[in-house]
Every structure is written in C-alpha cells, then in structure tokens.
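Below is one structure, written out as structure tokens; the observations come after it.
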Amino acid sequence: MLKNSHEKVKQLIYLYFYIFEMQFIPSVRFRIIDEGKLLVFPIIYFFSAFCNIWHFVYEVKSLENILELAVITNIMIAAIEIIFTTTIVNLGFKRHHLRVQRYFENIVESSDEFMSKARDIHLCTILEIAAYKAVRFFSTCFVITGQLFPVTSLVQTNFVSPTYYRIPGIPPSSVFLYPVNIIVQFFFYWCIIIAYIAIPCLFLIYLFYFRGEIYSIAAVSELLTHKENLSLKCPRILRSIYEAHRELMQEFRYFSQVMWHFCCHRFFTVILLTCSSSFSCLQANSIVIGMILLTLAISLFVILCVPGQLIDNCSEDLQGTLYECLWYEMSLKDQRNFLLILNGAQRSMKVETIGIEKISFSTLVQGITTAISYIAFVYTVLF
C-alpha cells in the first residue's frame, strides 16, 4: 500500500518537472538548446508581466472598472513572483529537489523492522489522503474558478481580450487583433495559473512526506511506553528511532534552504493579491467575481500557512510521546541512548522564512490583518 501511494504522489512530482522543464521536447546535441528550454516559461511570465504593466501604465484611462484593475494587478503580481520563484526553485535549487526525492525513495524502500510497519500505516495514510487527494482537490478547485476571470474579461472587452490588456504592437484594425490576443492571452493566463498553484502543491507534497515520517517515528516511540518491549526490543527500537530522526532532521534542514525562498516570495505577494482583490468587491456589478478573487487569495494564505502549523504540531507530538516513554525502566546504557534521542527531539521542525519566525496559524492571522490594514489605508487615500 505504501509503495502504491508513493508512486501516485511521485507521478505528481514528476509531472511538475516534466512540464516546467519541458522534458517532452527531445534532447538535441546542442547544449545551449537543451538548457534554453528551462528559460521558456520564465520568458513567458516576463512577457505577460510586461503586457500587464504596459496596459496599466499607458492604456488604463480611468479607475471606474475596478474589476479590470484587480485582475490585471493580480496577474502582474503573480507573474513577477513566479519569475523569481520558478527560477530559484527549478534552476537554483534543483539538486535540493533531487536529494529530497531520493530521501523519500529510501524511507519507502526501507526494511527496518519497526519503522517499515509504522510507515505502512501513518505515512501511507498521509500520502493517500492528504498529499494526493488534497493536492488534486485544491488544484481542481483553483482551475475551475480560474476560468471565470478570462470569460468575464472577454465579455467586458467585446471578445477581444481574455485578460483586459492588448498585446503591444498589434493595431486595432489588424486582422490578427482578435486571434492573437485571444489565443496568446489564454495561453499566458493558464501558464501563470498552473505555475502559481503547482509550486505550492509541490512543497505541500514534500511537507506531507516529512509529516508522515514524524508520525511514523512517534508510532515507534510509543512502543517504549509498554513495559513488555523494554527487555529485549528496547535497544533496537532506540536505534531505529535515532537513525530515522537524525536522517529526517538532516534532510529537512537541507530542504529548508529552498523552502524559505518560496515562503518569503509567496507570503508578501499573497498580501498584495488580497489587497487588490478586495477592491473589486467595492463595485456593485463585480461583487461576486470580487468575492471569488478574495476567496482564492485567502485560500493561498491557508495553503501557505497550514502545512507549517501541521509540521510544528506533529513535531511537538513526537516530543510528548518521547516524554511518556518508560525511561526509568530501561537499563543504564539504554537510558543514555534515550537521552541522545531526547536532545535531538528538542530541535523541533518548523517552516521558517526571512522576517518571520515561523509559518503557522499566527502567520495566517498576521498576514490577513496586515492586508486589512493596507486596504483601509488605500481606501482612505483613494476613496
């Protein structure tokens, strides 16, 4: 069961790199062409951001259509953030992804007599329910609701532009105005949307792997709360816990080097998305679309902060389980080994980023209150 769940989740990870590294294009003998494939999507995001900035600066004549301003601002913010995020995640830290994925393969293939049984229960359940089904549910909901905005834009622009702007350089009288704008803008829009939800889903999967491993270690630690396991199995149980937890902490620290970059960019851009989306609710004829935009922005906050809180909670659960162990019934040698495990467990796992102590529920509340403060300030100045 664990291997089957792991294979299904692994296909989602491979699909991400298969698309954004354009692995579907066959390799050629020229290295510059093979490596140039990695820059195709960042160039698309850059051109989309340029078109939105051009439209915002030179083509927007008034602030009457608040929905238009909200949509182009959100697309512009998302495109700029994805340029940095995909470049850092896909190019700068590729070896980190490979190492973490090898670690996941190792724990799934492990034959440890205690950890393998615990992983078959806890890690398998988390991968099947949380990592696989939750990620697919979130992605599906985001894609379905994301179709409303280009349709609304097409109606408001007389079926010229799915995202309000017009590609610079095409005159209004040209026969290419409609087909180029509609096709290219739809393509750019979905490239941004898919990337914007794919990257957090990737990190969400990674964090659920770590969470499942923590619960597996905690399940093995519970064996030490039963006196009958302390006579013969205690040394082997302690060794399994120590080795699994040591490797877990090493890989999580290595993974955190790339995780904090993503959290830093995403946290501040989601605040901006929440602010811009909220203003679309001020116009009576766009309040429904505005509420959907605002709901999506807040859901991005939840996807960013909740996994960090879950990791912190299960790390505390592991500490609590270790404190309940019958250490006073162990031999002196086992007590010394158990003390080493306790010292290691004090270094709890937490998702951190620059300027924020850790990503948790408090970060979610902090981000929403910050967005509300910005909204109130801008509303007071402009309206």
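Ligands are numbered from 1 in the order shown, residues from 1 within each chain, and chains are lettered A, B, ... in the order they appear in the structure tokens.
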Based on the backbone DSSP call, show me all residues of range 81-233 of chain A assigned helix (DSSP H, G or I), as an NGL selection string.
:A and (81-92 or 94-109 or 115-146 or 148-156 or 177-225 or 227-229)
Could you take the residues named above and write them with C-alpha atoms, as a compact mmCIF listing (two decimals), in the first residue's frame?
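What follows is the written file part-v6.txt:
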# COMPACT_ATOMS: atom_id res chain seq x y z
CA GLU A 81 6.55 36.39 -8.30
CA ILE A 82 6.59 33.26 -10.47
CA ILE A 83 9.58 34.58 -12.42
CA PHE A 84 11.64 34.65 -9.23
CA THR A 85 10.15 31.52 -7.70
CA THR A 86 10.50 29.23 -10.72
CA THR A 87 14.00 30.48 -11.41
CA ILE A 88 15.08 29.84 -7.84
CA VAL A 89 13.16 26.60 -7.32
CA ASN A 90 13.68 24.94 -10.70
CA LEU A 91 17.15 26.21 -11.59
CA GLY A 92 18.96 27.38 -8.48
CA LYS A 94 17.44 21.58 -8.47
CA ARG A 95 19.90 19.43 -6.54
CA HIS A 96 17.87 20.02 -3.36
CA HIS A 97 14.79 18.54 -5.03
CA LEU A 98 16.75 15.52 -6.22
CA ARG A 99 18.19 14.89 -2.77
CA VAL A 100 14.81 15.18 -1.04
CA GLN A 101 13.23 12.85 -3.59
CA ARG A 102 15.99 10.29 -3.04
CA TYR A 103 15.30 10.51 0.69
CA PHE A 104 11.62 9.80 0.12
CA GLU A 105 12.53 6.80 -2.01
CA ASN A 106 14.81 5.49 0.72
CA ILE A 107 12.23 5.69 3.50
CA VAL A 108 9.62 3.98 1.33
CA GLU A 109 12.05 1.19 0.40
CA MET A 115 9.87 1.87 11.00
CA SER A 116 8.61 0.00 7.95
CA LYS A 117 5.49 -1.18 9.79
CA ALA A 118 4.80 2.30 11.14
CA ARG A 119 5.28 3.86 7.71
CA ASP A 120 2.86 1.41 6.16
CA ILE A 121 0.19 2.86 8.44
CA HIS A 122 0.95 6.53 9.04
CA LEU A 123 3.00 7.62 6.04
CA CYS A 124 0.75 5.67 3.67
CA THR A 125 -2.40 7.29 5.10
CA ILE A 126 -0.99 10.80 4.85
CA LEU A 127 0.24 10.29 1.30
CA GLU A 128 -3.04 8.80 0.15
CA ILE A 129 -5.42 11.26 1.81
CA ALA A 130 -3.52 14.47 2.42
CA ALA A 131 -0.77 14.58 -0.21
CA TYR A 132 -2.59 13.01 -3.17
CA LYS A 133 -6.28 13.80 -2.72
CA ALA A 134 -5.87 17.20 -1.06
CA VAL A 135 -3.46 18.44 -3.72
CA ARG A 136 -5.72 17.28 -6.53
CA PHE A 137 -8.75 18.84 -4.86
CA PHE A 138 -7.03 22.19 -4.36
CA SER A 139 -5.70 22.23 -7.92
CA THR A 140 -9.06 21.30 -9.42
CA CYS A 141 -10.94 23.97 -7.47
CA PHE A 142 -8.40 26.60 -8.40
CA VAL A 143 -8.51 25.71 -12.10
CA ILE A 144 -12.33 25.64 -12.22
CA THR A 145 -12.74 29.01 -10.51
CA GLY A 146 -9.88 30.45 -12.55
CA LEU A 148 -14.36 32.82 -14.57
CA PHE A 149 -11.93 35.70 -14.93
CA PRO A 150 -10.95 35.39 -18.62
CA VAL A 151 -14.60 34.78 -19.52
CA THR A 152 -15.63 37.94 -17.66
CA SER A 153 -12.85 39.90 -19.34
CA LEU A 154 -13.89 38.64 -22.77
CA VAL A 155 -17.45 39.83 -22.19
CA GLN A 156 -16.37 43.26 -20.94
CA LEU A 177 -6.12 41.54 -33.32
CA TYR A 178 -8.73 39.01 -32.24
CA PRO A 179 -6.98 35.66 -32.84
CA VAL A 180 -3.58 36.69 -31.47
CA ASN A 181 -4.93 38.42 -28.37
CA ILE A 182 -7.41 35.68 -27.50
CA ILE A 183 -5.12 32.70 -28.13
CA VAL A 184 -1.92 34.15 -26.71
CA GLN A 185 -3.55 35.69 -23.67
CA PHE A 186 -5.40 32.48 -22.82
CA PHE A 187 -2.10 30.61 -23.11
CA PHE A 188 -0.23 33.14 -20.94
CA TYR A 189 -3.03 33.21 -18.39
CA TRP A 190 -3.10 29.45 -17.90
CA CYS A 191 0.70 29.24 -17.79
CA ILE A 192 0.63 31.66 -14.86
CA ILE A 193 -2.33 29.99 -13.12
CA ILE A 194 -0.89 26.49 -13.41
CA ALA A 195 2.53 27.60 -12.19
CA TYR A 196 1.04 29.58 -9.33
CA ILE A 197 -0.78 26.55 -7.96
CA ALA A 198 1.78 23.91 -8.97
CA ILE A 199 4.64 25.32 -6.92
CA PRO A 200 2.79 25.38 -3.56
CA CYS A 201 1.39 21.92 -4.33
CA LEU A 202 4.93 20.65 -4.83
CA PHE A 203 6.07 21.96 -1.46
CA LEU A 204 2.83 20.76 0.11
CA ILE A 205 3.63 17.22 -1.00
CA TYR A 206 7.15 17.47 0.42
CA LEU A 207 5.86 18.68 3.77
CA PHE A 208 3.32 15.86 3.98
CA TYR A 209 6.14 13.35 3.43
CA PHE A 210 8.02 14.85 6.37
CA ARG A 211 4.85 14.91 8.46
CA GLY A 212 4.16 11.25 7.75
CA GLU A 213 7.72 10.35 8.73
CA ILE A 214 7.39 12.21 12.05
CA TYR A 215 4.20 10.34 12.87
CA SER A 216 5.91 7.06 11.96
CA ILE A 217 8.76 7.84 14.38
CA ALA A 218 6.22 8.76 17.05
CA ALA A 219 4.41 5.46 16.50
CA VAL A 220 7.64 3.53 17.04
CA SER A 221 8.35 5.66 20.12
CA GLU A 222 5.02 4.55 21.58
CA LEU A 223 6.44 1.02 21.82
CA LEU A 224 8.64 2.30 24.63
CA THR A 225 5.55 3.14 26.69
CA LYS A 227 6.93 -2.37 29.67
CA GLU A 228 6.99 -5.68 27.78
CA ASN A 229 9.00 -4.07 24.95
Find the residues around range 57-69 of chain A up to 10 Å (only C-alpha atoms counted), leave out those fewer than 2 positions away in its own chain, and share them as a ChimeraX atom specification.
/A:51-55,71-74,149,152-153,156,163-166,276-283,285-287,289-290,293
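Counting only C-alpha atoms, the residue from A:Glu352, A:Glu21, A:Glu113, A:Asp34 that sits nearest to Phe262 in chain A is A:Glu352.
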Report as a list in words all protein, DNA and RNA residues lying within 10 Å of Gln257 in chain A, evaluated on only C-alpha atoms, omitting residues in the same chain fewer than 2 positions from it.
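Residues near the query, excluding close chain neighbours: Phe93, His96, Phe252, Arg253, Tyr254, Phe255, Met259, Trp260, His261, Phe262, Glu352 and Thr353 of chain A.
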Dump all heavy atoms for the selected residues as a CSV table (one decimal), in the first residue's frame?
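Listing of out-v1.csv after writing:
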chain,number,residue,atom,x,y,z
A,93,PHE,N,18.0,25.6,-7.2
A,93,PHE,CA,18.0,24.5,-6.1
A,93,PHE,C,17.5,23.2,-6.7
A,93,PHE,O,16.9,22.4,-6.0
A,93,PHE,CB,17.0,25.0,-5.0
A,93,PHE,CG,17.6,26.1,-4.2
A,93,PHE,CD1,17.2,27.4,-4.5
A,93,PHE,CD2,18.4,25.9,-3.1
A,93,PHE,CE1,17.7,28.5,-3.8
A,93,PHE,CE2,18.9,27.0,-2.4
A,93,PHE,CZ,18.6,28.3,-2.7
A,96,HIS,N,18.6,20.2,-4.6
A,96,HIS,CA,17.9,20.0,-3.4
A,96,HIS,C,16.6,19.1,-3.6
A,96,HIS,O,16.3,18.3,-2.8
A,96,HIS,CB,17.4,21.4,-2.8
A,96,HIS,CG,18.6,22.2,-2.3
A,96,HIS,ND1,19.5,22.8,-3.2
A,96,HIS,CD2,18.9,22.6,-1.1
A,96,HIS,CE1,20.4,23.5,-2.5
A,96,HIS,NE2,20.1,23.4,-1.2
A,252,PHE,N,15.4,17.7,6.3
A,252,PHE,CA,14.5,18.8,6.5
A,252,PHE,C,15.3,20.1,6.5
A,252,PHE,O,14.9,21.1,6.0
A,252,PHE,CB,13.7,18.7,7.7
A,252,PHE,CG,12.6,19.7,7.9
A,252,PHE,CD1,11.5,19.6,7.1
A,252,PHE,CD2,12.8,20.8,8.7
A,252,PHE,CE1,10.5,20.6,7.2
A,252,PHE,CE2,11.8,21.8,8.8
A,252,PHE,CZ,10.7,21.7,8.0
A,253,ARG,N,16.5,20.1,7.2
A,253,ARG,CA,17.3,21.3,7.2
A,253,ARG,C,17.8,21.7,5.8
A,253,ARG,O,17.9,22.8,5.4
A,253,ARG,CB,18.5,21.2,8.1
A,253,ARG,CG,18.2,21.3,9.6
A,253,ARG,CD,19.4,21.5,10.5
A,253,ARG,NE,20.3,20.3,10.4
A,253,ARG,CZ,20.2,19.3,11.2
A,253,ARG,NH1,19.3,19.3,12.2
A,253,ARG,NH2,21.0,18.3,11.1
A,254,TYR,N,18.2,20.6,5.0
A,254,TYR,CA,18.6,20.8,3.7
A,254,TYR,C,17.5,21.3,2.8
A,254,TYR,O,17.6,22.2,2.0
A,254,TYR,CB,19.1,19.5,3.1
A,254,TYR,CG,19.9,19.7,1.8
A,254,TYR,CD1,21.2,20.1,1.9
A,254,TYR,CD2,19.4,19.3,0.6
A,254,TYR,CE1,22.0,20.3,0.7
A,254,TYR,CE2,20.1,19.4,-0.6
A,254,TYR,CZ,21.4,19.9,-0.5
A,254,TYR,OH,22.1,20.0,-1.7
A,255,PHE,N,16.3,20.8,3.0
A,255,PHE,CA,15.1,21.2,2.3
A,255,PHE,C,14.7,22.6,2.6
A,255,PHE,O,14.2,23.4,1.8
A,255,PHE,CB,13.9,20.2,2.5
A,255,PHE,CG,12.6,20.7,2.1
A,255,PHE,CD1,12.3,20.7,0.8
A,255,PHE,CD2,11.6,21.1,3.0
A,255,PHE,CE1,11.0,21.1,0.3
A,255,PHE,CE2,10.4,21.5,2.6
A,255,PHE,CZ,10.1,21.5,1.2
A,259,MET,N,12.9,26.1,0.8
A,259,MET,CA,11.6,26.4,1.3
A,259,MET,C,11.4,27.8,1.7
A,259,MET,O,10.4,28.4,1.4
A,259,MET,CB,11.2,25.4,2.4
A,259,MET,CG,9.8,25.6,2.9
A,259,MET,SD,8.6,25.0,1.7
A,259,MET,CE,7.1,25.4,2.5
A,260,TRP,N,12.4,28.4,2.4
A,260,TRP,CA,12.3,29.7,2.9
A,260,TRP,C,12.2,30.8,1.8
A,260,TRP,O,11.6,31.8,1.9
A,260,TRP,CB,13.4,30.1,3.9
A,260,TRP,CG,14.7,30.5,3.3
A,260,TRP,CD1,15.8,29.7,3.1
A,260,TRP,CD2,15.1,31.8,2.9
A,260,TRP,NE1,16.8,30.4,2.5
A,260,TRP,CE2,16.4,31.7,2.4
A,260,TRP,CE3,14.5,33.0,2.8
A,260,TRP,CZ2,17.1,32.8,1.9
A,260,TRP,CZ3,15.2,34.1,2.3
A,260,TRP,CH2,16.5,34.0,1.9
A,261,HIS,N,12.9,30.5,0.6
A,261,HIS,CA,12.8,31.4,-0.5
A,261,HIS,C,11.3,31.4,-1.0
A,261,HIS,O,10.8,32.5,-1.3
A,261,HIS,CB,13.7,30.9,-1.7
A,261,HIS,CG,15.1,31.2,-1.4
A,261,HIS,ND1,15.7,32.4,-1.6
A,261,HIS,CD2,16.1,30.4,-1.0
A,261,HIS,CE1,17.0,32.4,-1.3
A,261,HIS,NE2,17.3,31.1,-1.0
A,262,PHE,N,10.7,30.3,-1.2
A,262,PHE,CA,9.3,30.2,-1.7
A,262,PHE,C,8.4,30.9,-0.7
A,262,PHE,O,7.5,31.7,-1.1
A,262,PHE,CB,8.9,28.8,-1.9
A,262,PHE,CG,7.4,28.6,-2.0
A,262,PHE,CD1,6.7,29.0,-3.2
A,262,PHE,CD2,6.7,28.1,-1.0
A,262,PHE,CE1,5.4,28.9,-3.3
A,262,PHE,CE2,5.3,27.9,-1.1
A,262,PHE,CZ,4.7,28.3,-2.2
A,352,GLU,N,10.3,28.1,8.3
A,352,GLU,CA,10.6,29.5,8.5
A,352,GLU,C,10.9,30.2,7.2
A,352,GLU,O,11.2,29.6,6.2
A,352,GLU,CB,11.8,29.6,9.5
A,352,GLU,CG,11.6,28.9,10.8
A,352,GLU,CD,12.9,29.0,11.7
A,352,GLU,OE1,14.0,28.6,11.1
A,352,GLU,OE2,12.8,29.4,12.8
A,353,THR,N,10.9,31.5,7.3
A,353,THR,CA,11.3,32.4,6.2
A,353,THR,C,11.9,33.7,6.8
A,353,THR,O,11.7,34.0,8.0
A,353,THR,CB,10.1,32.6,5.2
A,353,THR,OG1,10.7,33.3,4.1
A,353,THR,CG2,9.1,33.5,5.9
Among the residues A:Ile80, A:Glu243, A:Phe361, A:Pro42, the one that comes closest to His265 in chain A [using only C-alpha atoms]:
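Smallest distance to His265 in chain A is found for A:Ile80.
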